[in-house]
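Containing PDB, C-alpha atoms: upload.pdb.
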ATOM      1  CA  MET A   1      47.523 167.991 118.226  1.00  0.00           C
ATOM      2  CA  ILE A   2      49.706 170.008 120.574  1.00  0.00           C
ATOM      3  CA  LYS A   3      49.342 169.886 124.326  1.00  0.00           C
ATOM      4  CA  LYS A   4      51.199 172.390 126.462  1.00  0.00           C
ATOM      5  CA  LYS A   5      52.375 171.446 129.879  1.00  0.00           C
ATOM      6  CA  HIS A   6      50.593 173.240 132.687  1.00  0.00           C
ATOM      7  CA  ARG A   7      52.589 174.832 135.466  1.00  0.00           C
ATOM      8  CA  ASN A   8      53.833 172.197 137.959  1.00  0.00           C
ATOM      9  CA  GLU A   9      52.300 169.384 135.906  1.00  0.00           C
ATOM     10  CA  SER A  10      54.060 166.032 135.901  1.00  0.00           C
ATOM     11  CA  PHE A  11      54.822 164.123 132.729  1.00  0.00           C
ATOM     12  CA  GLU A  12      52.396 161.374 133.791  1.00  0.00           C
ATOM     13  CA  SER A  13      49.439 163.753 134.040  1.00  0.00           C
ATOM     14  CA  LEU A  14      50.409 165.446 130.758  1.00  0.00           C
ATOM     15  CA  PHE A  15      50.568 162.068 129.037  1.00  0.00           C
ATOM     16  CA  LYS A  16      47.252 161.038 130.617  1.00  0.00           C
ATOM     17  CA  ARG A  17      45.613 164.212 129.273  1.00  0.00           C
ATOM     18  CA  PHE A  18      47.094 163.572 125.840  1.00  0.00           C
ATOM     19  CA  LYS A  19      45.866 159.946 125.773  1.00  0.00           C
ATOM     20  CA  LYS A  20      42.381 160.980 126.859  1.00  0.00           C
ATOM     21  CA  ASN A  21      42.238 163.594 124.096  1.00  0.00           C
ATOM     22  CA  VAL A  22      43.429 161.097 121.469  1.00  0.00           C
ATOM     23  CA  GLU A  23      40.764 158.596 122.546  1.00  0.00           C
ATOM     24  CA  LYS A  24      38.073 161.276 122.609  1.00  0.00           C
ATOM     25  CA  LYS A  25      38.846 162.440 119.072  1.00  0.00           C
ATOM     26  CA  ASP A  26      39.247 158.861 117.807  1.00  0.00           C
ATOM     27  CA  THR A  27      42.621 159.743 116.284  1.00  0.00           C
ATOM     28  CA  ILE A  28      44.042 156.218 116.345  1.00  0.00           C
ATOM     29  CA  ASN A  29      41.156 154.745 114.333  1.00  0.00           C
ATOM     30  CA  GLU A  30      41.408 157.617 111.859  1.00  0.00           C
ATOM     31  CA  VAL A  31      45.111 156.921 111.308  1.00  0.00           C
ATOM     32  CA  ARG A  32      44.474 153.202 110.852  1.00  0.00           C
ATOM     33  CA  ARG A  33      41.651 153.891 108.417  1.00  0.00           C
ATOM     34  CA  ARG A  34      43.825 156.192 106.302  1.00  0.00           C
ATOM     35  CA  GLU A  35      46.859 153.907 106.356  1.00  0.00           C
ATOM     36  CA  HIS A  36      45.841 152.179 103.124  1.00  0.00           C
ATOM     37  CA  TYR A  37      43.672 153.377 100.266  1.00  0.00           C
ATOM     38  CA  ILE A  38      40.413 151.487  99.831  1.00  0.00           C
ATOM     39  CA  LYS A  39      38.648 151.754  96.496  1.00  0.00           C
ATOM     40  CA  PRO A  40      35.063 153.040  96.622  1.00  0.00           C
ATOM     41  CA  SER A  41      33.735 149.731  95.265  1.00  0.00           C
ATOM     42  CA  MET A  42      35.534 147.869  98.061  1.00  0.00           C
ATOM     43  CA  LYS A  43      34.094 150.291 100.638  1.00  0.00           C
ATOM     44  CA  LYS A  44      30.588 149.480  99.361  1.00  0.00           C
ATOM     45  CA  TYR A  45      31.338 145.759  99.439  1.00  0.00           C
ATOM     46  CA  LEU A  46      32.675 145.927 103.008  1.00  0.00           C
ATOM     47  CA  ALA A  47      29.748 148.068 104.171  1.00  0.00           C
ATOM     48  CA  ARG A  48      27.277 145.601 102.683  1.00  0.00           C
ATOM     49  CA  ALA A  49      29.088 142.618 104.190  1.00  0.00           C
ATOM     50  CA  MET A  50      29.087 144.297 107.594  1.00  0.00           C
ATOM     51  CA  ALA A  51      25.368 145.109 107.303  1.00  0.00           C
ATOM     52  CA  VAL A  52      24.573 141.485 106.405  1.00  0.00           C
ATOM     53  CA  LYS A  53      26.627 140.201 109.323  1.00  0.00           C
ATOM     54  CA  LYS A  54      24.976 142.669 111.708  1.00  0.00           C
ATOM     55  CA  GLU A  55      21.495 141.661 110.522  1.00  0.00           C
ATOM     56  CA  GLN A  56      22.293 137.950 110.884  1.00  0.00           C
ATOM     57  CA  LYS A  57      23.503 138.564 114.440  1.00  0.00           C
ATOM     58  CA  ARG A  58      20.343 140.563 115.234  1.00  0.00           C
ATOM     59  CA  GLN A  59      18.135 137.776 113.886  1.00  0.00           C
ATOM     60  CA  GLU A  60      20.079 135.169 115.855  1.00  0.00           C
ATOM     61  CA  ASP A  61      19.604 137.204 119.040  1.00  0.00           C
ATOM     62  CA  MET A  62      15.876 137.479 118.338  1.00  0.00           C
ATOM     63  CA  ARG A  63      15.661 133.730 117.696  1.00  0.00           C
ATOM     64  CA  LEU A  64      17.383 132.971 121.008  1.00  0.00           C
ATOM     65  CA  LYS A  65      15.083 135.307 122.925  1.00  0.00           C
ATOM     66  CA  ARG A  66      11.941 133.752 121.460  1.00  0.00           C
ATOM     67  CA  THR A  67      12.743 130.154 122.343  1.00  0.00           C
ATOM     68  CA  PRO A  68      10.108 128.807 124.756  1.00  0.00           C
ATOM     69  CA  GLY A  69      11.343 127.999 128.239  1.00  0.00           C
ATOM     70  CA  GLY A  70      14.562 129.956 127.702  1.00  0.00           C
TER
END
Can the structure from this file be put into structure tokens for me?
Amino acid sequence: MIKKKHRNESFESLFKRFKKNVEKKDTINEVRRREHYIKPSMKKYLARAMAVKKEQKRQEDMRLKRTPGG
């Protein structure tokens, strides 16, 4: 990702533009994700574990909302 400096642009504004672009394209997370190889079976296992955790959290939220007098 190459950013060219605009005419009369300070380093701070150039760096701010660069950071915003990196965040927008989610580059940092992509680099972290590719840092180590994860076997396909492990990906499935992690996805399932995350889905279970997410569902448990959703059910807990529903249980808390349904309590009488809460």
Which is closest to Lys20 (chain A) among A:Met42, A:Val52, A:Ala47, A:Lys3, if we use all atoms listed in the file?
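Nearest candidate to Lys20 (chain A) out of A:Met42, A:Val52, A:Ala47, A:Lys3: A:Lys3.
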What does the structure give for the distance between CA of Lys5 (chain A) and CA of Phe18 (chain A), in Å to one decimal?
10.3 Å
Find the axis-aligned box for region 35-44 of chain A, covering all its listed atoms and adding 4 Å on each side, and write its centre and edge lengths in Å to one decimal as JSON.
{"center_x": 38.7, "center_y": 150.9, "center_z": 100.8, "size_x": 24.3, "size_y": 14.0, "size_z": 19.1}
To one decimal place in Å, what is the distance between CA of Arg33 (chain A) and CA of Asp61 (chain A)?
29.6 Å
Calculate how many Å separate CA of Arg48 (chain A) from CA of Val31 (chain A), rounding to one decimal.
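Rounded to one decimal, the two atoms are 22.8 Å apart.
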